[in-house]
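Okay, so here's the structure we're looking at.
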Amino acid sequence: MRVAVLFGGTSAERDVSIASGGQVVMALRQAGHDVIPIDTARGALSPAEEQRLLTAGVAPAPPSEDALAMVRGGGPGALLSTAGLNDVDVVFLTLHGGTGEDGTIQALLDMAGVPYVGSGHAGSAVAMDKDLSKRLFQAAGIPTAAWLMAPADAARVEAELGFPVVVKPNKQGSTVGLTVVRRAEELEAAIDDAFRYDSEVMLERFIPGRELTCGVLGGQALAVGEIVPRRGEIFDYESKYQHGGADEIFPADLPDDVTQAVRDFSLRAHRVLKLDGFSRADFRLDEAGNLWILEVNTLPGMTATSLLPQSAAAAGIPFPELCDRIVRLALEKRRGTAERRTGA
């Protein structure tokens with residue numbers, strides 16, 4: 001099949017997206033597909049550009065606003081004019097954050113009639129909005145930590161959540177702009193920092209404990225993993241993307257009932273957000289043995305050592321096969337939609 005891999009973009013997660021894109025390009029070629037790598041900020045890459053960009057790696061910190069400004073172009077609308085995009089069988093999205101993960105590009109591809117992997121524009125938008133997704137988790141009986149949306153002063157936070165709290169952009173990933181606030185006097189600065197990355201900021205009760213994750217593929221929960229950061233209490237940007245930043249254990253050493261609960265909640269969250277294809281849910285397991293869902297990623301990291309591929313590998317699915325399955329799920333969804341419309 002002819003597959004266009006979209007990556008890069010202009011969000012704070014651009015470097016992570018490029019790393020995912022490079023790995024997916026290689027995996028799909030290994031699986032026998034004809035692959036076109038496209039940076040949504042620059043267009044289709046020449047072989048030399050592909051080699052240079054897709055082997056660059058991820059820096060210890062997100063790219064600066066100045067660096068992102070240098071690659072900003074015509075915006076998502078320019079994507080539809082990319083040469084050859086309408087000639088592909090499917091688009092593989094490895095975009096993280098921004099318009100690549102919030103449903104904007106998904107909506108554009110829908111309008112252009114181009115099939116793509118993963119969730120549609122509505123599910124993508126809701127999952128990206130942490131406030132909305134937590135409301136749906138509550139309605140579905142999936143435990144999630146108490147939260148407030150800014151503005152909220154220290155007195156209200158102390159009364160309703162207690163310290164410490166996690167302050168983070170409402171629609172951002174990779175822990176960009178996230179701070180664990182332990183004292184009231186630190187709150188205002190943390191909120192200001194989070195507002196650098198989003199127009200909405202969430203304040204969430206901090207749940208101490210173990211961090212767990214579980215992938216979903218084609219309506220089936222994969223293996224549960226545990227993340228143990230080496231450099232601090234949280235799995236922050238540097239810990240995620242720098243060598244030796246964390247121990248990632250698949251499958252996690254958990255009692256059978258806890259493992260099954262994580263898998264059940266992951267599937268339930270995937271369904272309540274109306275997601276398609278694949279996703280990854282993240283959790284905290286507190287000292288009392290209670291699970292708390294943190295969020296669901298609709299376009300999780302896709303390097304061979306990212307969490308979703310590790311979850312799949314532990315379930316017996318190697319990385320090239322995972323990428324191939326994701327492509328085929330997108331085409332199955334497309335065929336199913338066409339059949340429903342025609343009554344076939």
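Here's how to read the names in the structure tokens: chain A, B, ... by the order shown, residue numbers from 1 in each chain, ligand numbers from 1 in the order shown.
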Tell me, counting only C-alpha atoms, for each residue of region 81-144 of chain A within 12 Å of region 308-325 of chain A, which pair of atoms is nearest and how far apart they are in Å to one decimal, in rows ordered by chain and increasing number, as a tab-separated table.
```
residue	atom	partner	partner_atom	distance
A:Val90	CA	A:Asp324	CA	11.3
A:Val91	CA	A:Cys323	CA	11.9
A:Phe92	CA	A:Cys323	CA	8.9
A:Leu93	CA	A:Cys323	CA	11.0
A:Thr94	CA	A:Cys323	CA	11.0
A:Val117	CA	A:Cys323	CA	9.9
A:Gly118	CA	A:Arg325	CA	11.2
```
**Request:** Find the residues around Ala107 (chain A) up to 9 Å (only C-alpha atoms counted), leave out those fewer than 5 positions away in its own chain, and share them as a PyMOL selection string.
**Result:** chain A and resi 112+120-122
Selected residues, C-alpha atoms, written as a compact mmCIF listing (two decimals), in the first residue's frame, please.
```
# COMPACT_ATOMS: atom_id res chain seq x y z
CA ALA A 112 -10.82 15.69 1.54
CA GLY A 120 -11.90 10.82 14.12
CA HIS A 121 -12.04 14.54 14.72
CA ALA A 122 -14.63 14.42 17.51
```
Sort by chain and increasing residue number a table of all residues of region 196-310 of chain A within 6 Å of region 148-167 of chain A, each with its closest pair of atoms and their distance in Å to one decimal, counting only C-alpha atoms, and write it as a Markdown table.
```
| residue | atom | partner | partner_atom | distance |
| --- | --- | --- | --- | --- |
| A:Val201 | CA | A:Ala150 | CA | 5.5 |
| A:Met202 | CA | A:Met149 | CA | 4.6 |
| A:Leu203 | CA | A:Val167 | CA | 4.6 |
| A:Glu204 | CA | A:Val166 | CA | 5.0 |
| A:Arg205 | CA | A:Val165 | CA | 4.6 |
| A:Phe206 | CA | A:Val165 | CA | 4.7 |
```
Would you mind exporting C-alpha atoms of the selected residues as a PDB file, in the first residue's frame?
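So result.pdb came out as:
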```pdb
ATOM      1  CA  VAL A 201      -5.122  25.371  32.610  1.00  0.00           C
ATOM      2  CA  MET A 202      -6.104  22.436  34.814  1.00  0.00           C
ATOM      3  CA  LEU A 203      -5.305  22.029  38.512  1.00  0.00           C
ATOM      4  CA  GLU A 204      -5.541  18.375  39.525  1.00  0.00           C
ATOM      5  CA  ARG A 205      -5.101  16.614  42.865  1.00  0.00           C
ATOM      6  CA  PHE A 206      -1.707  14.914  42.878  1.00  0.00           C
TER       7      PHE A 206
END
```
Which of region 52-294 of chain A DSSP labels helix (DSSP H, G or I), written as a PDB file with C-alpha atoms, in the first residue's frame:
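Result file is selection.pdb:
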```pdb
ATOM      1  CA  ARG A  52      18.676  14.518   8.217  1.00  0.00           C
ATOM      2  CA  LEU A  53      15.361  15.236   9.927  1.00  0.00           C
ATOM      3  CA  GLU A  65       8.815  29.402  20.493  1.00  0.00           C
ATOM      4  CA  ASP A  66      11.530  30.955  18.323  1.00  0.00           C
ATOM      5  CA  ALA A  67      12.457  27.542  16.923  1.00  0.00           C
ATOM      6  CA  LEU A  68       8.813  26.693  16.232  1.00  0.00           C
ATOM      7  CA  ALA A  69       8.225  30.066  14.583  1.00  0.00           C
ATOM      8  CA  PRO A  76      -3.162  22.880   8.497  1.00  0.00           C
ATOM      9  CA  GLY A  77      -5.029  24.059   5.395  1.00  0.00           C
ATOM     10  CA  ALA A  78      -1.821  23.900   3.384  1.00  0.00           C
ATOM     11  CA  LEU A  79      -1.704  20.175   4.094  1.00  0.00           C
ATOM     12  CA  LEU A  80      -4.449  19.422   1.592  1.00  0.00           C
ATOM     13  CA  SER A  81      -2.412  20.915  -1.245  1.00  0.00           C
ATOM     14  CA  LEU A  85      -1.617  13.232  -0.672  1.00  0.00           C
ATOM     15  CA  ASN A  86      -4.816  12.333  -2.498  1.00  0.00           C
ATOM     16  CA  ASP A  87      -3.030   9.472  -4.263  1.00  0.00           C
ATOM     17  CA  GLY A  98      -1.609  21.006  18.601  1.00  0.00           C
ATOM     18  CA  THR A  99      -3.710  20.725  15.459  1.00  0.00           C
ATOM     19  CA  GLY A 100      -2.330  17.248  14.739  1.00  0.00           C
ATOM     20  CA  GLU A 101      -3.919  15.628  17.767  1.00  0.00           C
ATOM     21  CA  THR A 104      -8.235  19.675  13.248  1.00  0.00           C
ATOM     22  CA  ILE A 105      -6.190  17.709  10.728  1.00  0.00           C
ATOM     23  CA  GLN A 106      -8.542  14.750  11.105  1.00  0.00           C
ATOM     24  CA  ALA A 107     -11.446  17.003  10.074  1.00  0.00           C
ATOM     25  CA  LEU A 108      -9.491  18.310   7.072  1.00  0.00           C
ATOM     26  CA  LEU A 109      -8.704  14.777   5.942  1.00  0.00           C
ATOM     27  CA  ASP A 110     -12.359  13.821   6.366  1.00  0.00           C
ATOM     28  CA  MET A 111     -13.405  16.711   4.131  1.00  0.00           C
ATOM     29  CA  ALA A 112     -10.822  15.689   1.541  1.00  0.00           C
ATOM     30  CA  HIS A 121     -12.039  14.542  14.717  1.00  0.00           C
ATOM     31  CA  ALA A 122     -14.635  14.416  17.514  1.00  0.00           C
ATOM     32  CA  GLY A 123     -12.958  11.721  19.598  1.00  0.00           C
ATOM     33  CA  SER A 124      -9.558  13.324  19.058  1.00  0.00           C
ATOM     34  CA  ALA A 125     -10.811  16.710  20.232  1.00  0.00           C
ATOM     35  CA  VAL A 126     -12.529  15.362  23.347  1.00  0.00           C
ATOM     36  CA  ALA A 127      -9.569  13.204  24.396  1.00  0.00           C
ATOM     37  CA  MET A 128      -7.192  16.151  23.929  1.00  0.00           C
ATOM     38  CA  LYS A 130      -8.502  16.901  29.684  1.00  0.00           C
ATOM     39  CA  ASP A 131     -11.422  18.681  31.351  1.00  0.00           C
ATOM     40  CA  LEU A 132     -14.008  17.210  28.974  1.00  0.00           C
ATOM     41  CA  SER A 133     -12.485  13.735  29.032  1.00  0.00           C
ATOM     42  CA  LYS A 134     -12.433  13.657  32.845  1.00  0.00           C
ATOM     43  CA  ARG A 135     -16.137  14.537  32.875  1.00  0.00           C
ATOM     44  CA  LEU A 136     -16.811  11.573  30.596  1.00  0.00           C
ATOM     45  CA  PHE A 137     -14.626   9.301  32.734  1.00  0.00           C
ATOM     46  CA  GLN A 138     -16.699  10.247  35.774  1.00  0.00           C
ATOM     47  CA  ALA A 139     -19.937   9.539  33.907  1.00  0.00           C
ATOM     48  CA  ALA A 154      -4.632  29.044  46.614  1.00  0.00           C
ATOM     49  CA  ALA A 155      -7.414  29.153  49.205  1.00  0.00           C
ATOM     50  CA  ARG A 156      -9.864  27.415  46.899  1.00  0.00           C
ATOM     51  CA  VAL A 157      -7.254  24.854  45.838  1.00  0.00           C
ATOM     52  CA  GLU A 158      -6.427  24.100  49.469  1.00  0.00           C
ATOM     53  CA  ALA A 159     -10.111  23.699  50.360  1.00  0.00           C
ATOM     54  CA  GLU A 160     -11.208  21.589  47.373  1.00  0.00           C
ATOM     55  CA  ALA A 184       0.458  27.754  48.004  1.00  0.00           C
ATOM     56  CA  GLU A 185       3.065  30.388  47.157  1.00  0.00           C
ATOM     57  CA  GLU A 186       4.183  28.352  44.103  1.00  0.00           C
ATOM     58  CA  LEU A 187       0.725  28.163  42.553  1.00  0.00           C
ATOM     59  CA  GLU A 188       0.550  31.445  40.626  1.00  0.00           C
ATOM     60  CA  ALA A 189       3.882  30.955  38.856  1.00  0.00           C
ATOM     61  CA  ALA A 190       2.937  27.402  37.846  1.00  0.00           C
ATOM     62  CA  ILE A 191      -0.385  28.573  36.405  1.00  0.00           C
ATOM     63  CA  ASP A 192       1.369  31.341  34.469  1.00  0.00           C
ATOM     64  CA  ASP A 193       3.826  28.820  33.042  1.00  0.00           C
ATOM     65  CA  ALA A 194       1.039  26.455  31.942  1.00  0.00           C
ATOM     66  CA  PHE A 195      -0.767  29.359  30.231  1.00  0.00           C
ATOM     67  CA  TYR A 237       9.550  15.475  29.303  1.00  0.00           C
ATOM     68  CA  GLU A 238      13.230  14.735  29.924  1.00  0.00           C
ATOM     69  CA  SER A 239      12.476  11.387  31.595  1.00  0.00           C
ATOM     70  CA  LYS A 240      10.256  10.378  28.662  1.00  0.00           C
ATOM     71  CA  TYR A 241      12.680  11.109  25.862  1.00  0.00           C
ATOM     72  CA  ASP A 256      -3.826 -10.241  38.356  1.00  0.00           C
ATOM     73  CA  ASP A 257      -6.895  -8.313  39.497  1.00  0.00           C
ATOM     74  CA  VAL A 258      -5.099  -4.967  39.195  1.00  0.00           C
ATOM     75  CA  THR A 259      -3.792  -5.840  35.737  1.00  0.00           C
ATOM     76  CA  GLN A 260      -7.272  -6.777  34.605  1.00  0.00           C
ATOM     77  CA  ALA A 261      -8.748  -3.601  36.086  1.00  0.00           C
ATOM     78  CA  VAL A 262      -6.244  -1.447  34.176  1.00  0.00           C
ATOM     79  CA  ARG A 263      -7.076  -3.264  30.935  1.00  0.00           C
ATOM     80  CA  ASP A 264     -10.827  -2.963  31.564  1.00  0.00           C
ATOM     81  CA  PHE A 265     -10.605   0.772  32.367  1.00  0.00           C
ATOM     82  CA  SER A 266      -8.426   1.361  29.288  1.00  0.00           C
ATOM     83  CA  LEU A 267     -11.022  -0.236  27.026  1.00  0.00           C
ATOM     84  CA  ARG A 268     -13.876   1.569  28.753  1.00  0.00           C
ATOM     85  CA  ALA A 269     -12.100   4.923  28.390  1.00  0.00           C
ATOM     86  CA  HIS A 270     -11.363   4.210  24.713  1.00  0.00           C
ATOM     87  CA  ARG A 271     -15.044   3.534  24.118  1.00  0.00           C
ATOM     88  CA  VAL A 272     -16.521   6.366  26.165  1.00  0.00           C
TER      89      VAL A 272
END
```
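Counting only C-alpha atoms and comparing A:Thr55, A:Ser306, A:Ser11, A:Thr179, the residue that lies closest to Ile249 (chain A) is A:Ser306.
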Could you give me, as a PDB file with N, CA and C atoms, in the first residue's frame, the residues within 12 Å of Glu332 (chain A), counting only C-alpha atoms and dropping anything in the same chain fewer than 4 positions from it?
```pdb
ATOM      1  N   ASP A  89      -3.164   5.452  -0.206  1.00  0.00           N
ATOM      2  CA  ASP A  89      -4.227   4.588   0.300  1.00  0.00           C
ATOM      3  C   ASP A  89      -4.658   4.985   1.698  1.00  0.00           C
ATOM      4  N   VAL A  90      -3.713   5.472   2.487  1.00  0.00           N
ATOM      5  CA  VAL A  90      -4.017   5.847   3.868  1.00  0.00           C
ATOM      6  C   VAL A  90      -2.944   6.810   4.372  1.00  0.00           C
ATOM      7  N   PRO A 115      -8.476   8.620   3.836  1.00  0.00           N
ATOM      8  CA  PRO A 115      -8.489   7.783   5.050  1.00  0.00           C
ATOM      9  C   PRO A 115      -7.221   7.963   5.862  1.00  0.00           C
ATOM     10  N   TYR A 116      -7.357   7.869   7.175  1.00  0.00           N
ATOM     11  CA  TYR A 116      -6.220   8.064   8.080  1.00  0.00           C
ATOM     12  C   TYR A 116      -6.363   7.159   9.282  1.00  0.00           C
ATOM     13  N   VAL A 117      -5.239   6.921   9.961  1.00  0.00           N
ATOM     14  CA  VAL A 117      -5.238   6.017  11.104  1.00  0.00           C
ATOM     15  C   VAL A 117      -5.786   6.729  12.344  1.00  0.00           C
ATOM     16  N   GLY A 118      -6.291   5.916  13.268  1.00  0.00           N
ATOM     17  CA  GLY A 118      -6.680   6.433  14.571  1.00  0.00           C
ATOM     18  C   GLY A 118      -8.080   6.997  14.613  1.00  0.00           C
ATOM     19  N   GLY A 218      -7.395  -2.068  18.109  1.00  0.00           N
ATOM     20  CA  GLY A 218      -8.494  -2.787  17.477  1.00  0.00           C
ATOM     21  C   GLY A 218      -9.515  -3.339  18.448  1.00  0.00           C
ATOM     22  N   ASP A 276     -11.073   5.328  17.913  1.00  0.00           N
ATOM     23  CA  ASP A 276     -10.953   4.278  16.906  1.00  0.00           C
ATOM     24  C   ASP A 276      -9.509   3.817  16.785  1.00  0.00           C
ATOM     25  N   GLY A 277      -9.326   2.577  16.358  1.00  0.00           N
ATOM     26  CA  GLY A 277      -8.008   2.090  15.982  1.00  0.00           C
ATOM     27  C   GLY A 277      -7.127   1.745  17.156  1.00  0.00           C
ATOM     28  N   ARG A 325      -0.783  -3.233  11.328  1.00  0.00           N
ATOM     29  CA  ARG A 325      -2.150  -3.443  11.834  1.00  0.00           C
ATOM     30  C   ARG A 325      -2.898  -2.116  11.935  1.00  0.00           C
ATOM     31  N   ILE A 326      -2.219  -1.068  12.392  1.00  0.00           N
ATOM     32  CA  ILE A 326      -2.863   0.239  12.526  1.00  0.00           C
ATOM     33  C   ILE A 326      -3.334   0.739  11.160  1.00  0.00           C
ATOM     34  N   VAL A 327      -2.510   0.554  10.137  1.00  0.00           N
ATOM     35  CA  VAL A 327      -2.900   0.933   8.778  1.00  0.00           C
ATOM     36  C   VAL A 327      -4.131   0.153   8.336  1.00  0.00           C
ATOM     37  N   ARG A 328      -4.127  -1.147   8.564  1.00  0.00           N
ATOM     38  CA  ARG A 328      -5.231  -1.989   8.105  1.00  0.00           C
ATOM     39  C   ARG A 328      -6.523  -1.711   8.878  1.00  0.00           C
ATOM     40  N   GLY A 336     -16.011  -0.135   6.295  1.00  0.00           N
ATOM     41  CA  GLY A 336     -17.233  -0.271   7.081  1.00  0.00           C
ATOM     42  C   GLY A 336     -18.122   0.942   6.975  1.00  0.00           C
ATOM     43  N   THR A 337     -17.527   2.133   6.962  1.00  0.00           N
ATOM     44  CA  THR A 337     -18.301   3.368   6.821  1.00  0.00           C
ATOM     45  C   THR A 337     -18.978   3.414   5.454  1.00  0.00           C
ATOM     46  N   ALA A 338     -18.241   3.045   4.407  1.00  0.00           N
ATOM     47  CA  ALA A 338     -18.811   3.056   3.050  1.00  0.00           C
ATOM     48  C   ALA A 338     -19.954   2.061   2.944  1.00  0.00           C
ATOM     49  N   GLU A 339     -19.805   0.889   3.532  1.00  0.00           N
ATOM     50  CA  GLU A 339     -20.863  -0.119   3.463  1.00  0.00           C
ATOM     51  C   GLU A 339     -22.116   0.324   4.182  1.00  0.00           C
TER      52      GLU A 339
END
```
Here CA of Ala330 (chain A) and CA of Ala140 (chain A) stand apart by 26.2 Å
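If only C-alpha atoms are the atoms counted, then among A:Ile207, A:Leu331, A:Ser46, A:Gly97 the closest residue to Val16 (chain A) is A:Gly97.
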Write out as a list in words which residues come within 8 Å of region 285-289 of chain A when counting only C-alpha atoms, dropping same-chain ones fewer than 4 positions away.
Ile207, Pro208, Gly209, Arg210, Glu211 and Leu212 of chain A
Could you save those same residues with N, CA and C atoms as a PDB file, in the first residue's frame?
```pdb
ATOM      1  N   ILE A 207      -1.812  12.493  42.802  1.00  0.00           N
ATOM      2  CA  ILE A 207      -1.990  11.147  43.345  1.00  0.00           C
ATOM      3  C   ILE A 207      -0.615  10.485  43.439  1.00  0.00           C
ATOM      4  N   PRO A 208      -0.058  10.356  44.650  1.00  0.00           N
ATOM      5  CA  PRO A 208       1.211   9.641  44.767  1.00  0.00           C
ATOM      6  C   PRO A 208       1.002   8.150  44.522  1.00  0.00           C
ATOM      7  N   GLY A 209       2.024   7.506  43.985  1.00  0.00           N
ATOM      8  CA  GLY A 209       1.906   6.072  43.754  1.00  0.00           C
ATOM      9  C   GLY A 209       2.631   5.640  42.502  1.00  0.00           C
ATOM     10  N   ARG A 210       2.248   4.505  41.977  1.00  0.00           N
ATOM     11  CA  ARG A 210       2.894   3.910  40.803  1.00  0.00           C
ATOM     12  C   ARG A 210       2.198   4.389  39.533  1.00  0.00           C
ATOM     13  N   GLU A 211       2.979   4.617  38.467  1.00  0.00           N
ATOM     14  CA  GLU A 211       2.417   5.053  37.189  1.00  0.00           C
ATOM     15  C   GLU A 211       2.324   3.859  36.256  1.00  0.00           C
ATOM     16  N   LEU A 212       1.115   3.642  35.732  1.00  0.00           N
ATOM     17  CA  LEU A 212       0.834   2.497  34.865  1.00  0.00           C
ATOM     18  C   LEU A 212       0.299   2.977  33.525  1.00  0.00           C
TER      19      LEU A 212
END
```
Review point. Which parts of region 174-231 of chain A does DSSP call strand (DSSP E or B) when run on the backbone here, written out as a ChimeraX atom specification?
Key: /A:179-181,201-205,210-217,220-229
Students should find that CA of Phe250 (chain A) and CA of Val224 (chain A) are spaced 6.5 Å
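Here CA of Glu226 (chain A) and CA of Asp247 (chain A) stand 8.0 Å from one another.
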